[in-house]
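Structure file work_32.cif (mmCIF, C-alpha atoms) is printed below.
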data_entry
#
loop_
_atom_site.group_PDB
_atom_site.id
_atom_site.type_symbol
_atom_site.label_atom_id
_atom_site.label_comp_id
_atom_site.auth_asym_id
_atom_site.auth_seq_id
_atom_site.Cartn_x
_atom_site.Cartn_y
_atom_site.Cartn_z
ATOM 1 C CA MET A 363 11.006 -2.120 0.549
ATOM 2 C CA ARG A 364 7.774 -0.195 0.405
ATOM 3 C CA LEU A 365 4.656 -0.188 2.579
ATOM 4 C CA THR A 366 1.357 1.212 1.351
ATOM 5 C CA ARG A 367 -1.502 2.163 3.612
ATOM 6 C CA ARG A 368 -5.000 3.071 2.386
ATOM 7 C CA TYR A 369 -7.146 5.861 3.828
ATOM 8 C CA ARG A 370 -10.516 7.274 2.846
ATOM 9 C CA PHE A 371 -12.096 10.696 3.037
ATOM 10 C CA SER A 372 -15.224 12.351 1.713
ATOM 11 C CA ALA A 373 -15.132 15.890 0.404
ATOM 12 C CA SER A 374 -16.835 18.276 -1.977
ATOM 13 C CA HIS A 375 -15.233 20.436 -4.627
ATOM 14 C CA ARG A 376 -15.924 22.487 -7.726
ATOM 15 C CA LEU A 377 -13.701 22.755 -10.776
ATOM 16 C CA ASN A 378 -13.457 26.360 -11.913
ATOM 17 C CA SER A 379 -10.463 28.286 -13.237
ATOM 18 C CA ASP A 380 -10.183 32.017 -12.550
ATOM 19 C CA ALA A 381 -8.228 32.262 -15.799
ATOM 20 C CA LEU A 382 -11.259 31.268 -17.868
ATOM 21 C CA THR A 383 -14.650 32.851 -18.575
ATOM 22 C CA PRO A 384 -17.825 31.286 -17.141
ATOM 23 C CA ASP A 385 -18.641 29.845 -20.571
ATOM 24 C CA GLU A 386 -15.160 28.417 -20.980
ATOM 25 C CA ASN A 387 -15.296 26.888 -17.493
ATOM 26 C CA ALA A 388 -18.680 25.339 -18.209
ATOM 27 C CA ARG A 389 -17.419 23.832 -21.470
ATOM 28 C CA LEU A 390 -14.130 22.577 -20.023
ATOM 29 C CA TYR A 391 -15.308 21.116 -16.731
ATOM 30 C CA GLY A 392 -18.889 20.192 -17.599
ATOM 31 C CA LYS A 393 -20.822 18.875 -14.590
ATOM 32 C CA CYS A 394 -17.749 19.432 -12.399
ATOM 33 C CA ASN A 395 -18.272 23.184 -12.866
ATOM 34 C CA ASN A 396 -21.708 23.082 -11.193
ATOM 35 C CA PRO A 397 -21.703 26.322 -9.112
ATOM 36 C CA PHE A 398 -22.771 24.586 -5.902
ATOM 37 C CA GLY A 399 -20.107 21.882 -6.170
ATOM 38 C CA HIS A 400 -20.394 18.153 -5.707
ATOM 39 C CA GLY A 401 -18.609 15.460 -3.695
ATOM 40 C CA HIS A 402 -16.621 12.238 -3.795
ATOM 41 C CA ASP A 403 -15.470 9.441 -1.522
ATOM 42 C CA TYR A 404 -11.751 9.762 -2.142
ATOM 43 C CA VAL A 405 -9.322 6.895 -1.554
ATOM 44 C CA LEU A 406 -5.801 7.918 -0.546
ATOM 45 C CA ASP A 407 -2.873 5.475 -0.694
ATOM 46 C CA VAL A 408 0.277 6.629 1.082
ATOM 47 C CA SER A 409 3.491 4.659 0.374
ATOM 48 C CA VAL A 410 6.621 4.865 2.476
ATOM 49 C CA GLU A 411 9.980 3.335 1.636
ATOM 50 C CA GLY A 412 12.968 2.253 3.667
ATOM 51 C CA PRO A 413 14.591 -0.601 5.548
ATOM 52 C CA MET A 414 12.925 -2.411 8.447
ATOM 53 C CA ASP A 415 13.806 -1.310 11.960
ATOM 54 C CA ALA A 416 14.551 -3.713 14.821
ATOM 55 C CA SER A 417 10.809 -4.337 15.284
ATOM 56 C CA GLY A 418 10.512 -5.723 11.743
ATOM 57 C CA GLN A 419 8.591 -2.707 10.452
ATOM 58 C CA ILE A 420 9.349 -0.021 7.855
ATOM 59 C CA VAL A 421 7.008 2.280 9.687
ATOM 60 C CA HIS A 422 4.958 1.985 12.847
ATOM 61 C CA ARG A 423 1.334 1.891 11.690
ATOM 62 C CA ALA A 424 0.066 4.058 14.538
ATOM 63 C CA ALA A 425 2.677 6.734 13.804
ATOM 64 C CA LEU A 426 1.829 6.798 10.081
ATOM 65 C CA ASP A 427 -1.912 6.824 10.785
ATOM 66 C CA ALA A 428 -1.524 9.670 13.274
ATOM 67 C CA LEU A 429 0.559 11.718 10.850
ATOM 68 C CA VAL A 430 -1.844 11.233 7.926
ATOM 69 C CA GLN A 431 -4.796 12.008 10.180
ATOM 70 C CA GLU A 432 -3.205 15.174 11.548
ATOM 71 C CA ARG A 433 -1.682 16.489 8.322
ATOM 72 C CA VAL A 434 -4.311 15.451 5.782
ATOM 73 C CA LEU A 435 -7.514 13.694 6.820
ATOM 74 C CA GLY A 436 -8.349 16.213 9.529
ATOM 75 C CA HIS A 437 -8.220 18.973 6.899
ATOM 76 C CA VAL A 438 -10.087 17.306 4.043
ATOM 77 C CA ASP A 439 -12.576 14.793 5.445
ATOM 78 C CA HIS A 440 -16.138 16.121 5.266
ATOM 79 C CA ARG A 441 -14.842 19.451 3.994
ATOM 80 C CA ASN A 442 -15.278 21.602 0.931
ATOM 81 C CA LEU A 443 -11.856 21.517 -0.749
ATOM 82 C CA ASN A 444 -12.325 24.900 -2.444
ATOM 83 C CA CYS A 445 -13.347 26.701 0.740
ATOM 84 C CA ASP A 446 -11.646 24.791 3.535
ATOM 85 C CA LEU A 447 -8.238 23.772 2.218
ATOM 86 C CA PRO A 448 -5.705 26.637 2.177
ATOM 87 C CA GLU A 449 -3.319 24.517 0.072
ATOM 88 C CA LEU A 450 -5.778 24.707 -2.834
ATOM 89 C CA GLN A 451 -6.919 28.306 -2.459
ATOM 90 C CA SER A 452 -5.161 29.639 -5.555
ATOM 91 C CA GLN A 453 -5.601 26.495 -7.632
ATOM 92 C CA VAL A 454 -8.305 24.561 -9.404
ATOM 93 C CA ALA A 455 -9.451 21.778 -7.082
ATOM 94 C CA THR A 456 -8.631 18.983 -9.535
ATOM 95 C CA THR A 457 -7.452 15.700 -8.080
ATOM 96 C CA GLU A 458 -4.095 16.330 -9.799
ATOM 97 C CA ASN A 459 -3.662 19.509 -7.749
ATOM 98 C CA LEU A 460 -5.064 17.779 -4.663
ATOM 99 C CA ALA A 461 -2.405 15.046 -4.989
ATOM 100 C CA PHE A 462 0.370 17.659 -5.052
ATOM 101 C CA ALA A 463 -1.269 19.506 -2.130
ATOM 102 C CA ILE A 464 -1.449 16.322 -0.048
ATOM 103 C CA GLU A 465 2.165 15.509 -0.890
ATOM 104 C CA ARG A 466 3.205 18.976 0.364
ATOM 105 C CA MET A 467 1.043 18.651 3.492
ATOM 106 C CA LEU A 468 2.645 15.296 4.302
ATOM 107 C CA ALA A 469 6.226 16.197 3.362
ATOM 108 C CA ARG A 470 6.231 19.355 5.464
ATOM 109 C CA ASP A 471 7.614 18.383 8.886
ATOM 110 C CA TRP A 472 7.720 14.702 7.884
ATOM 111 C CA THR A 473 8.852 13.059 11.118
ATOM 112 C CA LEU A 474 9.025 9.370 10.210
ATOM 113 C CA PRO A 475 12.298 7.538 9.535
ATOM 114 C CA ALA A 476 10.892 5.952 6.351
ATOM 115 C CA ARG A 477 10.803 8.118 3.226
ATOM 116 C CA LEU A 478 7.500 9.304 1.724
ATOM 117 C CA ALA A 479 7.597 7.479 -1.631
ATOM 118 C CA ARG A 480 4.213 7.876 -3.318
ATOM 119 C CA VAL A 481 0.815 9.527 -3.020
ATOM 120 C CA ARG A 482 -2.048 7.988 -4.964
ATOM 121 C CA ILE A 483 -5.610 9.286 -4.928
ATOM 122 C CA SER A 484 -8.727 7.863 -6.466
ATOM 123 C CA GLU A 485 -11.479 10.413 -6.966
ATOM 124 C CA THR A 486 -13.835 7.639 -7.999
ATOM 125 C CA ALA A 487 -13.149 3.977 -8.703
ATOM 126 C CA ARG A 488 -12.561 5.028 -12.336
ATOM 127 C CA ASN A 489 -10.091 7.919 -11.868
ATOM 128 C CA THR A 490 -6.765 7.520 -10.094
ATOM 129 C CA PHE A 491 -3.863 9.975 -9.824
ATOM 130 C CA GLU A 492 -0.410 8.908 -8.700
ATOM 131 C CA LEU A 493 2.621 10.926 -7.668
ATOM 132 C CA GLU A 494 6.067 9.448 -6.960
ATOM 133 C CA THR A 495 7.921 11.767 -4.603
ATOM 134 C CA GLU A 496 11.610 12.655 -4.746
ATOM 135 C CA MET B 658 7.277 -7.705 -19.677
ATOM 136 C CA LEU B 659 5.746 -8.238 -16.263
ATOM 137 C CA LEU B 660 3.620 -11.230 -15.299
ATOM 138 C CA THR B 661 1.691 -11.271 -12.015
ATOM 139 C CA ARG B 662 0.047 -14.244 -10.350
ATOM 140 C CA LYS B 663 -2.258 -13.856 -7.352
ATOM 141 C CA ALA B 664 -2.805 -16.267 -4.458
ATOM 142 C CA GLU B 665 -4.585 -16.109 -1.120
ATOM 143 C CA PHE B 666 -3.989 -17.676 2.255
ATOM 144 C CA SER B 667 -5.600 -17.174 5.640
ATOM 145 C CA ALA B 668 -3.450 -17.321 8.745
ATOM 146 C CA SER B 669 -3.209 -16.106 12.289
ATOM 147 C CA HIS B 670 -0.256 -14.343 13.851
ATOM 148 C CA VAL B 671 0.792 -12.205 16.766
ATOM 149 C CA CYS B 672 3.401 -9.445 16.717
ATOM 150 C CA ARG B 673 5.263 -9.551 20.012
ATOM 151 C CA ASN B 674 8.927 -9.442 20.878
ATOM 152 C CA PRO B 675 9.405 -11.728 23.891
ATOM 153 C CA ALA B 676 12.329 -9.585 25.056
ATOM 154 C CA LEU B 677 9.975 -6.616 25.563
ATOM 155 C CA ASP B 678 7.206 -6.090 28.114
ATOM 156 C CA ASP B 679 3.534 -5.784 27.233
ATOM 157 C CA ASP B 680 3.503 -1.986 27.170
ATOM 158 C CA LYS B 681 6.470 -1.798 24.804
ATOM 159 C CA ASN B 682 4.955 -4.430 22.517
ATOM 160 C CA ARG B 683 1.680 -2.530 22.373
ATOM 161 C CA ALA B 684 3.522 0.694 21.630
ATOM 162 C CA LEU B 685 5.348 -1.007 18.737
ATOM 163 C CA TYR B 686 2.620 -3.184 17.275
ATOM 164 C CA GLY B 687 -0.723 -1.870 18.556
ATOM 165 C CA ALA B 688 -3.554 -4.411 18.486
ATOM 166 C CA ASN B 689 -1.244 -6.775 16.583
ATOM 167 C CA ALA B 690 0.409 -7.450 19.951
ATOM 168 C CA ASN B 691 -2.714 -8.972 21.544
ATOM 169 C CA PRO B 692 -1.170 -12.094 23.083
ATOM 170 C CA HIS B 693 -3.489 -14.787 21.733
ATOM 171 C CA GLY B 694 -3.150 -13.668 18.129
ATOM 172 C CA HIS B 695 -5.619 -12.809 15.386
ATOM 173 C CA GLY B 696 -5.963 -13.571 11.679
ATOM 174 C CA HIS B 697 -5.993 -12.129 8.186
ATOM 175 C CA ASN B 698 -6.918 -13.129 4.655
ATOM 176 C CA TYR B 699 -3.559 -12.456 3.089
ATOM 177 C CA VAL B 700 -3.422 -11.752 -0.640
ATOM 178 C CA LEU B 701 -0.138 -12.411 -2.421
ATOM 179 C CA GLU B 702 0.859 -10.985 -5.797
ATOM 180 C CA VAL B 703 3.987 -12.474 -7.350
ATOM 181 C CA THR B 704 5.451 -10.522 -10.256
ATOM 182 C CA ILE B 705 7.983 -11.998 -12.694
ATOM 183 C CA GLU B 706 9.881 -9.941 -15.243
ATOM 184 C CA GLY B 707 11.109 -11.465 -18.477
ATOM 185 C CA ASP B 708 10.699 -12.064 -22.166
ATOM 186 C CA PRO B 709 8.419 -14.702 -23.663
ATOM 187 C CA ASP B 710 10.258 -17.896 -24.524
ATOM 188 C CA PRO B 711 10.445 -18.063 -28.349
ATOM 189 C CA VAL B 712 9.173 -21.646 -28.383
ATOM 190 C CA THR B 713 6.413 -21.566 -25.738
ATOM 191 C CA GLY B 714 5.412 -17.902 -25.998
ATOM 192 C CA MET B 715 5.416 -17.729 -22.200
ATOM 193 C CA VAL B 716 7.517 -15.695 -19.767
ATOM 194 C CA PHE B 717 6.966 -18.393 -17.154
ATOM 195 C CA ASP B 718 4.740 -21.478 -17.141
ATOM 196 C CA LEU B 719 1.718 -20.332 -15.093
ATOM 197 C CA ARG B 720 0.932 -23.875 -13.999
ATOM 198 C CA GLU B 721 4.464 -24.267 -12.678
ATOM 199 C CA LEU B 722 4.247 -20.838 -11.012
ATOM 200 C CA LYS B 723 0.995 -21.859 -9.314
ATOM 201 C CA GLU B 724 2.615 -25.093 -8.079
ATOM 202 C CA ILE B 725 5.654 -23.204 -6.739
ATOM 203 C CA ILE B 726 3.480 -20.652 -4.924
ATOM 204 C CA ASN B 727 1.320 -23.421 -3.473
ATOM 205 C CA ALA B 728 4.295 -25.519 -2.364
ATOM 206 C CA GLU B 729 6.322 -22.646 -0.889
ATOM 207 C CA VAL B 730 3.609 -20.385 0.528
ATOM 208 C CA VAL B 731 -0.019 -21.489 0.438
ATOM 209 C CA ASP B 732 0.370 -25.107 1.603
ATOM 210 C CA PRO B 733 2.672 -24.308 4.548
ATOM 211 C CA MET B 734 0.916 -21.062 5.614
ATOM 212 C CA ASP B 735 -2.809 -21.403 4.835
ATOM 213 C CA HIS B 736 -4.932 -21.940 7.953
ATOM 214 C CA ARG B 737 -1.864 -21.941 10.189
ATOM 215 C CA PHE B 738 -0.754 -19.897 13.181
ATOM 216 C CA LEU B 739 2.433 -18.448 11.711
ATOM 217 C CA ASN B 740 4.291 -17.969 15.024
ATOM 218 C CA HIS B 741 3.717 -21.560 16.120
ATOM 219 C CA GLU B 742 3.690 -23.517 12.872
ATOM 220 C CA VAL B 743 5.736 -21.737 10.203
ATOM 221 C CA PRO B 744 9.453 -21.222 10.815
ATOM 222 C CA PRO B 745 11.190 -18.762 10.924
ATOM 223 C CA PHE B 746 8.274 -16.971 12.593
ATOM 224 C CA ASN B 747 8.936 -18.888 15.804
ATOM 225 C CA HIS B 748 11.808 -16.452 16.302
ATOM 226 C CA ILE B 749 11.131 -13.633 13.770
ATOM 227 C CA VAL B 750 8.128 -11.363 14.405
ATOM 228 C CA PRO B 751 5.633 -12.007 11.569
ATOM 229 C CA THR B 752 5.056 -8.398 10.571
ATOM 230 C CA THR B 753 3.798 -7.959 7.010
ATOM 231 C CA GLU B 754 7.338 -6.824 6.136
ATOM 232 C CA ASN B 755 8.968 -9.975 7.507
ATOM 233 C CA ILE B 756 6.381 -12.299 5.924
ATOM 234 C CA THR B 757 6.931 -10.579 2.577
ATOM 235 C CA VAL B 758 10.719 -11.052 2.806
ATOM 236 C CA GLU B 759 10.296 -14.722 3.790
ATOM 237 C CA ILE B 760 7.987 -15.323 0.812
ATOM 238 C CA TRP B 761 10.486 -13.577 -1.479
ATOM 239 C CA ASN B 762 13.301 -15.804 -0.171
ATOM 240 C CA ARG B 763 11.251 -18.956 -0.683
ATOM 241 C CA LEU B 764 10.180 -18.036 -4.226
ATOM 242 C CA HIS B 765 13.493 -16.561 -5.321
ATOM 243 C CA ARG B 766 15.146 -19.987 -5.018
ATOM 244 C CA ARG B 767 12.578 -21.509 -7.368
ATOM 245 C CA ILE B 768 11.967 -18.809 -9.968
ATOM 246 C CA ASN B 769 15.200 -18.539 -11.867
ATOM 247 C CA LEU B 770 15.214 -18.963 -15.641
ATOM 248 C CA PRO B 771 17.601 -17.333 -18.129
ATOM 249 C CA ASN B 772 14.683 -15.315 -19.552
ATOM 250 C CA ALA B 773 12.649 -14.705 -16.367
ATOM 251 C CA ARG B 774 13.369 -13.443 -12.862
ATOM 252 C CA LEU B 775 11.361 -12.699 -9.742
ATOM 253 C CA LYS B 776 10.662 -8.952 -9.805
ATOM 254 C CA ASN B 777 8.365 -8.166 -6.888
ATOM 255 C CA VAL B 778 6.410 -9.757 -4.092
ATOM 256 C CA ARG B 779 3.404 -7.799 -2.848
ATOM 257 C CA LEU B 780 1.588 -9.001 0.241
ATOM 258 C CA TYR B 781 -1.722 -7.511 1.352
ATOM 259 C CA GLU B 782 -2.389 -8.048 5.045
ATOM 260 C CA THR B 783 -5.751 -6.345 4.579
ATOM 261 C CA ALA B 784 -7.235 -4.412 1.666
ATOM 262 C CA ASP B 785 -5.807 -1.292 3.329
ATOM 263 C CA LEU B 786 -2.214 -2.387 3.971
ATOM 264 C CA TYR B 787 0.361 -3.995 1.721
ATOM 265 C CA VAL B 788 4.137 -4.331 1.429
ATOM 266 C CA ASP B 789 6.219 -4.528 -1.768
ATOM 267 C CA TYR B 790 9.628 -6.215 -1.731
ATOM 268 C CA GLY B 791 11.977 -6.604 -4.675
ATOM 269 C CA GLY B 792 14.955 -8.179 -2.917
ATOM 270 C CA LYS B 793 16.493 -4.999 -1.557
ATOM 271 C CA ALA B 794 15.788 -3.181 1.729
#
Conversion result in structure tokens:
Amino acid sequence: MRLTRRYRFSASHRLNSDALTPDENARLYGKCNNPFGHGHDYVLDVSVEGPMDASGQIVHRAALDALVQERVLGHVDHRNLNCDLPELQSQVATTENLAFAIERMLARDWTLPARLARVRISETARNTFELETE
Amino acid sequence: MLLTRKAEFSASHVCRNPALDDDKNRALYGANANPHGHGHNYVLEVTIEGDPDPVTGMVFDLRELKEIINAEVVDPMDHRFLNHEVPPFNHIVPTTENITVEIWNRLHRRINLPNARLKNVRLYETADLYVDYGGKA
């Protein structure tokens, strides 16, 4: 049994790879390579999996909300992902890499009895990235 | 092949365990423990897995599926107070998890063809919270 909870955060980023020249970056990332960055209203779906406890819940909503707030939202909401998020410092701030970063931020010191099962992020309503966790 | 049919129902509920005091209920269920209840527009997605019947070309007759969902879920639960009017929620706390399992149990009895089986029940309590249940914990 799996429970999915939706969260939202707003952040800016810029796609630029240190391994490429400025021209190559401009060609590859297009508008997303704009030197001053740009922003999105991200939608984050966190899924947890496990049996119900005696209260009839897989996870206590307040505990999950507090964990996601502390581990993720507090670090990304109204932030610049390139500058403010240590997890992405050596990586291109694509939503693919952001999904893996959020999975690591959540999995580290995961304190809930239910298992973290999936991280899904929408950068816009048209682009969604999904990661099933081990 | 997967086939999914959507349905909606609106209902009120309260999440309280009568064996626990108010503080413990609030710690477990938050605002869902407010004693007089509250309501949601639940959205149900029923997914069936199977192969199209060679004669009809259908995995499952959608009209029949709609009638089953209405008879088992929408008619008994829509515009009802689940704790007071829809057993077993007179003695089982109607968390989204428990409602999802109850809906699975009701539908599972009715959706059983050689070529098609109930695969998943997804219940949205709000747009920001849903539970998936496929028959196993």
If the PyMOL selection byres ((chain B) within 9 of (chain A)) were run on this exact file, what residues would it hold? Put them as a PyMOL selection string. chain B and resi 673-674+684-687+749-755+784-794
For Asp718 in chain B, work out the shell of residues within 12 Å, counting all atoms listed in the file and skipping chain neighbours fewer than 3 positions away, then give it as a ChimeraX atom specification. /B:660-662,705,707,709-710,713-715,721-725,768,770,772-773
Keeping C-alpha atoms, export the residues of the selection given above as a PDB file, in the coordinates of the input.
ATOM      1  CA  LEU B 660       3.620 -11.230 -15.299  1.00  0.00           C
ATOM      2  CA  THR B 661       1.691 -11.271 -12.015  1.00  0.00           C
ATOM      3  CA  ARG B 662       0.047 -14.244 -10.350  1.00  0.00           C
ATOM      4  CA  ILE B 705       7.983 -11.998 -12.694  1.00  0.00           C
ATOM      5  CA  GLY B 707      11.109 -11.465 -18.477  1.00  0.00           C
ATOM      6  CA  PRO B 709       8.419 -14.702 -23.663  1.00  0.00           C
ATOM      7  CA  ASP B 710      10.258 -17.896 -24.524  1.00  0.00           C
ATOM      8  CA  THR B 713       6.413 -21.566 -25.738  1.00  0.00           C
ATOM      9  CA  GLY B 714       5.412 -17.902 -25.998  1.00  0.00           C
ATOM     10  CA  MET B 715       5.416 -17.729 -22.200  1.00  0.00           C
ATOM     11  CA  GLU B 721       4.464 -24.267 -12.678  1.00  0.00           C
ATOM     12  CA  LEU B 722       4.247 -20.838 -11.012  1.00  0.00           C
ATOM     13  CA  LYS B 723       0.995 -21.859  -9.314  1.00  0.00           C
ATOM     14  CA  GLU B 724       2.615 -25.093  -8.079  1.00  0.00           C
ATOM     15  CA  ILE B 725       5.654 -23.204  -6.739  1.00  0.00           C
ATOM     16  CA  ILE B 768      11.967 -18.809  -9.968  1.00  0.00           C
ATOM     17  CA  LEU B 770      15.214 -18.963 -15.641  1.00  0.00           C
ATOM     18  CA  ASN B 772      14.683 -15.315 -19.552  1.00  0.00           C
ATOM     19  CA  ALA B 773      12.649 -14.705 -16.367  1.00  0.00           C
TER      20      ALA B 773
END
Hey, can you pull every residue with an atom no more than 10 Å from (4.5, -18.7, -0.9), using only C-alpha atoms, and send it as JSON, numbers by chain? {"B": [664, 665, 666, 701, 702, 703, 723, 724, 725, 726, 727, 728, 729, 730, 731, 732, 733, 734, 735, 756, 757, 759, 760, 761, 762, 763, 764, 778]}
How many Å lie between CA of Val671 in chain B and CA of Ala688 in chain B, rounded to one decimal?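 Separating CA of Val671 in chain B from CA of Ala688 in chain B is a distance of 9.1 Å.
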With distances taken over all atoms listed in the file, which residue among A:Asn444, A:Gln431, A:Asn378, A:Thr383 lies nearest Asn395 in chain A?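 Among A:Asn444, A:Gln431, A:Asn378, A:Thr383, it is A:Asn378 that comes nearest to Asn395 in chain A.
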Here's the selection I'm unsure about, the PyMOL selection byres ((chain A and resi 440) around 12); applied to the file above, which residues does it give, as a PyMOL selection string? chain A and resi 370-375+400-404+434-439+441-443+445-447
Within 9 Å of (-11.1, 27.5, -10.0), all atoms listed in the file: residues as a PyMOL selection string? chain A and resi 376-382+387+395+444+451-456
Work out how far CA of Leu719 in chain B is from CA of Leu659 in chain B, in Å to one decimal.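 Between CA of Leu659 in chain B and CA of Leu719 in chain B the gap works out to 12.8 Å.
Neighbouring residues of Ala487 in chain A at 10 Å or closer, counting only C-alpha atoms and skipping chain neighbours under 2 positions away, are Asp403, Tyr404, Val405, Ile483, Ser484, Glu485, Asn489 and Thr490 of chain A.
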Restricting the calculation to all atoms listed in the file: of A:Glu494, A:Ala461, A:Gly392, A:Phe398, which residue gets closest to Arg477 in chain A? A:Glu494
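CA of Leu739 in chain B is found 29.2 Å from CA of Phe717 in chain B.
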Would you pick out the contacts of Tyr699 in chain B at 8 Å or less, using all atoms listed in the file, so that residues sharing its chain but fewer than 3 positions from it are not included, and give the list as number ranges by chain? B: 665-668, 780-783
I'd like the contact shell of His695 in chain B - 8 Å cut-off, only C-alpha atoms, skipping same-chain residues fewer than 5 positions apart - returned as a ChimeraX atom specification. /B:669-671,689
